[in-house]
$ cat entry_9.cif   # mmCIF, C-alpha atoms
data_upload
#
loop_
_atom_site.group_PDB
_atom_site.id
_atom_site.type_symbol
_atom_site.label_atom_id
_atom_site.label_comp_id
_atom_site.auth_asym_id
_atom_site.auth_seq_id
_atom_site.Cartn_x
_atom_site.Cartn_y
_atom_site.Cartn_z
ATOM 1 C CA GLN O 14 -97.681 27.163 15.256
ATOM 2 C CA VAL O 15 -96.642 23.769 16.641
ATOM 3 C CA VAL O 16 -95.457 22.638 13.226
ATOM 4 C CA MET O 17 -93.476 25.823 12.682
ATOM 5 C CA ARG O 18 -91.872 25.560 16.119
ATOM 6 C CA LEU O 19 -90.908 21.897 15.580
ATOM 7 C CA ALA O 20 -89.699 22.595 12.038
ATOM 8 C CA GLY O 21 -87.346 25.212 13.448
ATOM 9 C CA MET O 22 -85.715 22.672 15.746
ATOM 10 C CA PRO O 23 -83.029 20.414 14.224
ATOM 11 C CA GLY O 24 -83.749 16.713 14.579
ATOM 12 C CA HIS O 25 -87.552 16.956 14.657
ATOM 13 C CA LEU O 26 -88.363 16.812 10.964
ATOM 14 C CA LYS O 27 -89.787 13.285 11.002
ATOM 15 C CA THR O 28 -92.118 14.248 13.846
ATOM 16 C CA VAL O 29 -93.255 17.299 11.913
ATOM 17 C CA VAL O 30 -94.010 15.156 8.854
ATOM 18 C CA LYS O 31 -96.060 12.745 10.973
ATOM 19 C CA VAL O 32 -98.112 15.669 12.306
ATOM 20 C CA VAL O 33 -98.655 17.073 8.821
ATOM 21 C CA GLU O 34 -99.636 13.601 7.576
ATOM 22 C CA ALA O 35 -102.119 13.244 10.446
ATOM 23 C CA TRP O 36 -103.677 16.539 9.352
ATOM 24 C CA ARG O 37 -103.907 15.131 5.799
ATOM 25 C CA ALA O 38 -101.999 18.178 4.599
ATOM 26 C CA CYS O 39 -99.331 16.187 2.720
ATOM 27 C CA ALA O 40 -101.881 15.491 0.017
ATOM 28 C CA ALA O 41 -103.451 18.940 0.256
ATOM 29 C CA PRO O 42 -100.743 21.585 0.707
ATOM 30 C CA ALA O 43 -103.348 24.349 0.628
ATOM 31 C CA LEU O 44 -104.320 23.248 4.151
ATOM 32 C CA LEU O 45 -101.031 24.680 5.393
ATOM 33 C CA ALA O 46 -100.355 28.381 5.629
ATOM 34 C CA ALA O 47 -97.636 29.716 3.328
ATOM 35 C CA GLU O 48 -95.414 30.517 6.309
ATOM 36 C CA THR O 49 -95.746 26.917 7.523
ATOM 37 C CA ARG O 50 -94.839 25.562 4.084
ATOM 38 C CA ASP O 51 -91.819 27.896 4.031
ATOM 39 C CA ALA O 52 -90.743 26.703 7.501
ATOM 40 C CA LEU O 53 -91.024 23.094 6.344
ATOM 41 C CA ALA O 54 -89.000 23.826 3.217
ATOM 42 C CA ARG O 55 -86.268 25.465 5.308
ATOM 43 C CA ALA O 56 -86.241 22.465 7.666
ATOM 44 C CA VAL O 57 -85.864 19.996 4.790
ATOM 45 C CA ARG O 58 -82.965 21.943 3.311
ATOM 46 C CA ARG O 59 -81.356 22.415 6.735
ATOM 47 C CA GLU O 60 -81.513 18.698 7.519
ATOM 48 C CA ALA O 61 -80.224 17.667 4.086
ATOM 49 C CA LEU O 62 -77.523 20.271 3.664
ATOM 50 C CA GLY O 63 -76.496 20.937 7.249
ATOM 51 C CA ALA O 64 -76.989 24.108 9.219
ATOM 52 C CA LEU O 65 -73.558 25.601 8.588
ATOM 53 C CA GLY O 66 -72.781 27.296 5.317
ATOM 54 C CA GLY O 67 -74.977 25.059 3.178
ATOM 55 C CA ALA O 68 -72.538 22.168 3.429
ATOM 56 C CA ALA O 69 -73.865 18.749 4.316
ATOM 57 C CA ASP O 70 -72.908 17.580 7.790
ATOM 58 C CA PRO O 71 -70.954 14.346 7.224
ATOM 59 C CA THR O 72 -71.659 13.226 10.800
ATOM 60 C CA SER O 73 -75.436 13.459 10.389
ATOM 61 C CA ALA O 74 -76.698 10.664 8.183
ATOM 62 C CA THR O 75 -80.024 10.867 10.007
ATOM 63 C CA GLY O 76 -80.523 14.413 8.731
ATOM 64 C CA HIS O 77 -80.280 13.182 5.158
ATOM 65 C CA VAL O 78 -82.796 10.426 5.846
ATOM 66 C CA ALA O 79 -85.195 12.811 7.581
ATOM 67 C CA ALA O 80 -84.993 15.269 4.696
ATOM 68 C CA ALA O 81 -85.649 12.491 2.188
ATOM 69 C CA PHE O 82 -88.572 11.234 4.287
ATOM 70 C CA ALA O 83 -90.101 14.702 4.436
ATOM 71 C CA LEU O 84 -89.629 15.504 0.762
ATOM 72 C CA SER O 85 -91.012 12.074 -0.207
ATOM 73 C CA ALA O 86 -94.143 12.827 1.804
ATOM 74 C CA MET O 87 -94.398 16.383 0.455
ATOM 75 C CA PRO O 88 -92.817 16.472 -3.026
ATOM 76 C CA TRP O 89 -94.537 19.812 -3.686
ATOM 77 C CA LEU O 90 -92.560 21.460 -0.879
ATOM 78 C CA LEU O 91 -89.490 22.549 -2.854
ATOM 79 C CA ASP O 92 -88.977 23.984 -6.302
ATOM 80 C CA GLU O 93 -86.981 21.897 -8.766
ATOM 81 C CA ALA O 94 -83.632 23.560 -8.048
ATOM 82 C CA ALA O 95 -83.964 23.052 -4.295
ATOM 83 C CA ALA O 96 -85.188 19.470 -4.783
ATOM 84 C CA ARG O 97 -82.083 18.758 -6.881
ATOM 85 C CA GLU O 98 -79.883 20.258 -4.198
ATOM 86 C CA VAL O 99 -81.475 18.125 -1.477
ATOM 87 C CA LEU O 100 -81.346 15.026 -3.654
ATOM 88 C CA ALA O 101 -77.657 15.589 -4.369
ATOM 89 C CA ALA O 102 -76.985 15.751 -0.626
ATOM 90 C CA VAL O 103 -79.079 12.670 0.101
ATOM 91 C CA ASP O 104 -77.525 10.614 -2.719
ATOM 92 C CA ASP O 105 -74.067 10.311 -1.217
ATOM 93 C CA GLY O 106 -73.775 6.562 -1.767
ATOM 94 C CA SER O 107 -74.488 5.603 1.830
ATOM 95 C CA ARG O 108 -78.262 5.132 1.480
ATOM 96 C CA ASP O 109 -79.092 4.464 -2.159
ATOM 97 C CA ASP O 110 -82.457 3.013 -1.157
ATOM 98 C CA VAL O 111 -83.499 6.281 0.482
ATOM 99 C CA ALA O 112 -82.325 8.397 -2.459
ATOM 100 C CA GLU O 113 -84.124 6.151 -4.948
ATOM 101 C CA LYS O 114 -87.377 6.189 -2.977
ATOM 102 C CA LEU O 115 -87.243 9.976 -2.795
ATOM 103 C CA THR O 116 -86.471 10.338 -6.489
ATOM 104 C CA ALA O 117 -89.477 8.223 -7.450
ATOM 105 C CA ARG O 118 -91.731 10.887 -5.865
ATOM 106 C CA LEU O 119 -90.160 13.836 -7.673
ATOM 107 C CA SER O 120 -90.640 15.241 -11.177
ATOM 108 C CA ARG O 121 -89.369 13.504 -14.304
ATOM 109 C CA ASP O 122 -86.761 16.225 -14.815
ATOM 110 C CA VAL O 123 -85.375 15.634 -11.320
ATOM 111 C CA GLN O 124 -85.365 11.875 -11.945
ATOM 112 C CA ILE O 125 -83.319 12.405 -15.102
ATOM 113 C CA PHE O 126 -80.964 14.696 -13.162
ATOM 114 C CA PHE O 127 -80.579 11.938 -10.557
ATOM 115 C CA VAL O 128 -79.564 9.287 -13.105
ATOM 116 C CA GLU O 129 -77.267 11.710 -14.960
ATOM 117 C CA ARG O 130 -75.613 12.700 -11.695
ATOM 118 C CA ARG O 131 -74.886 9.093 -10.810
ATOM 119 C CA ARG O 132 -73.612 8.410 -14.318
ATOM 120 C CA SER O 133 -71.283 11.424 -14.284
ATOM 121 C CA SER O 134 -69.857 10.376 -10.917
ATOM 122 C CA GLU O 135 -69.057 6.905 -12.338
ATOM 123 C CA ARG O 136 -71.677 5.183 -10.166
ATOM 124 C CA LEU O 137 -72.807 3.255 -13.230
ATOM 125 C CA LYS O 138 -74.404 0.287 -11.476
ATOM 126 C CA ALA O 139 -76.460 2.595 -9.262
ATOM 127 C CA ALA O 140 -77.346 4.755 -12.265
ATOM 128 C CA ALA O 141 -78.470 1.764 -14.327
ATOM 129 C CA ARG O 142 -80.522 0.415 -11.415
ATOM 130 C CA ALA O 143 -82.188 3.805 -10.928
ATOM 131 C CA ALA O 144 -82.920 4.217 -14.643
ATOM 132 C CA LYS O 145 -84.643 0.849 -14.672
ATOM 133 C CA ALA O 146 -86.603 1.484 -11.460
ATOM 134 C CA LEU O 147 -87.751 4.899 -12.678
ATOM 135 C CA GLY O 148 -88.700 3.682 -16.144
ATOM 136 C CA LEU O 149 -85.990 5.776 -17.805
ATOM 137 C CA GLU O 150 -84.358 3.055 -19.897
ATOM 138 C CA GLY O 151 -85.589 4.812 -23.051
ATOM 139 C CA THR O 152 -83.904 8.030 -21.950
ATOM 140 C CA PHE O 153 -80.693 6.162 -21.089
ATOM 141 C CA PRO O 154 -80.636 3.275 -23.590
ATOM 142 C CA THR O 155 -76.913 2.521 -23.251
ATOM 143 C CA LEU O 156 -76.532 2.894 -19.504
ATOM 144 C CA ASP O 157 -76.836 -0.793 -18.599
ATOM 145 C CA LEU O 158 -74.289 -1.636 -21.305
ATOM 146 C CA GLU O 159 -71.954 1.070 -19.985
ATOM 147 C CA TYR O 160 -72.222 -0.389 -16.491
ATOM 148 C CA ARG O 161 -71.642 -3.962 -17.672
ATOM 149 C CA THR O 162 -68.725 -2.938 -19.916
ATOM 150 C CA LYS O 163 -66.960 -1.098 -17.111
ATOM 151 C CA ALA O 164 -67.634 -3.906 -14.627
ATOM 152 C CA LEU O 165 -66.397 -6.489 -17.138
ATOM 153 C CA GLU O 166 -63.160 -4.534 -17.614
ATOM 154 C CA ASN O 167 -62.672 -4.434 -13.835
ATOM 155 C CA ALA O 168 -63.463 -8.133 -13.423
ATOM 156 C CA LEU O 169 -60.950 -9.066 -16.111
ATOM 157 C CA ARG O 170 -58.341 -6.686 -14.696
ATOM 158 C CA HIS O 171 -58.654 -8.449 -11.329
ATOM 159 C CA ASN O 172 -58.846 -11.944 -12.845
ATOM 160 C CA VAL O 173 -62.357 -12.590 -11.544
ATOM 161 C CA ARG O 174 -63.586 -14.869 -14.304
ATOM 162 C CA GLU O 175 -66.919 -15.777 -12.697
ATOM 163 C CA ALA O 176 -67.952 -12.139 -12.512
ATOM 164 C CA ALA O 177 -66.770 -11.547 -16.072
ATOM 165 C CA VAL O 178 -68.894 -14.379 -17.404
ATOM 166 C CA GLY O 179 -71.891 -13.417 -15.247
ATOM 167 C CA LEU O 180 -71.855 -9.833 -16.480
ATOM 168 C CA THR O 181 -72.170 -10.951 -20.076
ATOM 169 C CA LEU O 182 -75.190 -13.177 -19.522
ATOM 170 C CA GLY O 183 -78.078 -11.684 -21.435
ATOM 171 C CA GLU O 184 -75.804 -9.153 -23.131
ATOM 172 C CA PRO O 185 -74.456 -10.602 -26.395
ATOM 173 C CA ARG O 186 -72.656 -7.345 -27.248
ATOM 174 C CA LEU O 187 -70.158 -8.173 -24.492
ATOM 175 C CA HIS O 188 -69.511 -11.824 -25.370
ATOM 176 C CA ARG O 189 -66.541 -11.108 -27.631
ATOM 177 C CA GLN O 190 -64.931 -8.735 -25.136
ATOM 178 C CA CYS O 191 -65.406 -11.341 -22.403
ATOM 179 C CA VAL O 192 -63.890 -14.180 -24.435
ATOM 180 C CA GLU O 193 -60.916 -12.048 -25.484
ATOM 181 C CA GLY O 194 -60.396 -10.971 -21.894
ATOM 182 C CA LEU O 195 -60.556 -14.524 -20.593
ATOM 183 C CA LEU O 196 -58.022 -15.608 -23.203
ATOM 184 C CA ARG O 197 -55.822 -12.696 -22.201
ATOM 185 C CA ILE O 198 -55.859 -13.777 -18.547
ATOM 186 C CA GLU O 199 -55.107 -17.354 -19.633
ATOM 187 C CA GLU O 200 -58.530 -18.775 -19.020
ATOM 188 C CA ALA O 201 -58.711 -20.406 -22.444
ATOM 189 C CA VAL O 202 -60.745 -23.303 -21.096
ATOM 190 C CA LEU O 203 -63.592 -20.943 -20.243
ATOM 191 C CA GLY O 204 -63.089 -18.850 -23.376
#
$ encode --input "entry_9.cif" --output "structure tokens"
Amino acid sequence: QVVMRLAGMPGHLKTVVKVVEAWRACAAPALLAAETRDALARAVRREALGALGGAADPTSATGHVAAAFALSAMPWLLDEAAAREVLAAVDDGSRDDVAEKLTARLSRDVQIFFVERRRSSERLKAAARAAKALGLEGTFPTLDLEYRTKALENALRHNVREAAVGLTLGEPRLHRQCVEGLLRIEEAVLG
């Protein structure tokens, strides 16, 4: 009853998770009644997505963090579709560390969704970092190269030669593009 009452109150999700952890129910969801699990699931979605109309509340970054904290502690709480929805709300670019920690606790399919989502939104560096951290380099074998290629193009476009050279270290497939770009921006001495 206490957990359900707290779960129904916005802003108390972290407290609820601490109580559930103290009861050792995070590792054993069967210890919680179905109605309590449902109340927790609603609280996680509410905090992540915002209370109004399913849209995330842009003024409440703490809600995103609380939802990620709760779902990390209880990855069994939501089905895959709801977990993806919460993850999409949490992964807004403001707290990549929180989104990545959460993703590591979720299913492989959700992890792949996470990397694909970042890739499709042109957050290539974050996508490549997540793929590596989650052990998904085999699933996304060209992602690091995509990130480095795009970053190299930007570095050359802005005449940042140090970044251009640094991005090609350890990636021989980019050496030619780097040299040609440096020559193009009249850095023949480095080229």
$ residues_around --input "entry_9.cif" --residues "O:Glu150" --least-positions-apart "6" --cutoff "12 Å" --atoms "only C-alpha atoms" --output "PyMOL selection string"
chain O and resi 124-125+128+140-144+156-158
$ write_last_selection --input "entry_9.cif" --atoms "C-alpha atoms" --output "compact mmCIF listing (two decimals), in the frame of the given file"
# COMPACT_ATOMS: atom_id res chain seq x y z
CA GLN O 124 -85.36 11.88 -11.94
CA ILE O 125 -83.32 12.40 -15.10
CA VAL O 128 -79.56 9.29 -13.10
CA ALA O 140 -77.35 4.76 -12.26
CA ALA O 141 -78.47 1.76 -14.33
CA ARG O 142 -80.52 0.42 -11.42
CA ALA O 143 -82.19 3.80 -10.93
CA ALA O 144 -82.92 4.22 -14.64
CA LEU O 156 -76.53 2.89 -19.50
CA ASP O 157 -76.84 -0.79 -18.60
CA LEU O 158 -74.29 -1.64 -21.30
$ resolve_selection --input "entry_9.cif" --expression "the PyMOL selection byres ((chain O and resi 88) around 10)" --output "ChimeraX atom specification"
/O:39-40,81-87,89-93,96,115-120
$ closest_residue --input "entry_9.cif" --among "O:Glu98, O:Glu129, O:Glu193, O:Asp110" --to "O:Ala146" --atoms "only C-alpha atoms"
O:Asp110
$ closest_residue --input "entry_9.cif" --among "O:Leu180, O:Ala20, O:Ala61, O:Val30" --to "O:Thr49" --atoms "all atoms listed in the file"
O:Ala20
$ closest_residue --input "entry_9.cif" --among "O:Glu166, O:Asp122, O:Glu48, O:Glu60" --to "O:Cys191" --atoms "only C-alpha atoms"
O:Glu166
$ residues_around --input "entry_9.cif" --residues "O:Ala112" --least-positions-apart "4" --cutoff "7 Å" --atoms "all atoms listed in the file" --output "PyMOL selection string"
chain O and resi 100+103-104+108+116
$ write_last_selection --input "entry_9.cif" --atoms "C-alpha atoms" --output "PDB file, in the coordinates of the input"
ATOM      1  CA  LEU O 100     -81.346  15.026  -3.654  1.00  0.00           C
ATOM      2  CA  VAL O 103     -79.079  12.670   0.101  1.00  0.00           C
ATOM      3  CA  ASP O 104     -77.525  10.614  -2.719  1.00  0.00           C
ATOM      4  CA  ARG O 108     -78.262   5.132   1.480  1.00  0.00           C
ATOM      5  CA  THR O 116     -86.471  10.338  -6.489  1.00  0.00           C
TER       6      THR O 116
END
$ resolve_selection --input "entry_9.cif" --expression "the PyMOL selection byres ((chain O and resi 16) around 10)" --output "number ranges by chain"
O: 14-15, 17-21, 25-26, 28-30, 32-33, 45, 49-50, 52-53
$ resolve_selection --input "entry_9.cif" --expression "the PyMOL selection byres ((chain O and resi 161) around 12)" --output "NGL selection string"
:O and (136-142 or 155-160 or 162-169 or 176-188 or 190-191)
$ residues_near_point --input "entry_9.cif" --point "(-84.9, 14.4, 7.9)" --cutoff "6 Å" --atoms "all atoms listed in the file" --output "ChimeraX atom specification"
/O:26-27,60,76-80
$ atom_distance --input "entry_9.cif" --atom1 "atom CA of O:Leu147" --atom2 "atom CA of O:Phe127"
10.3 Å
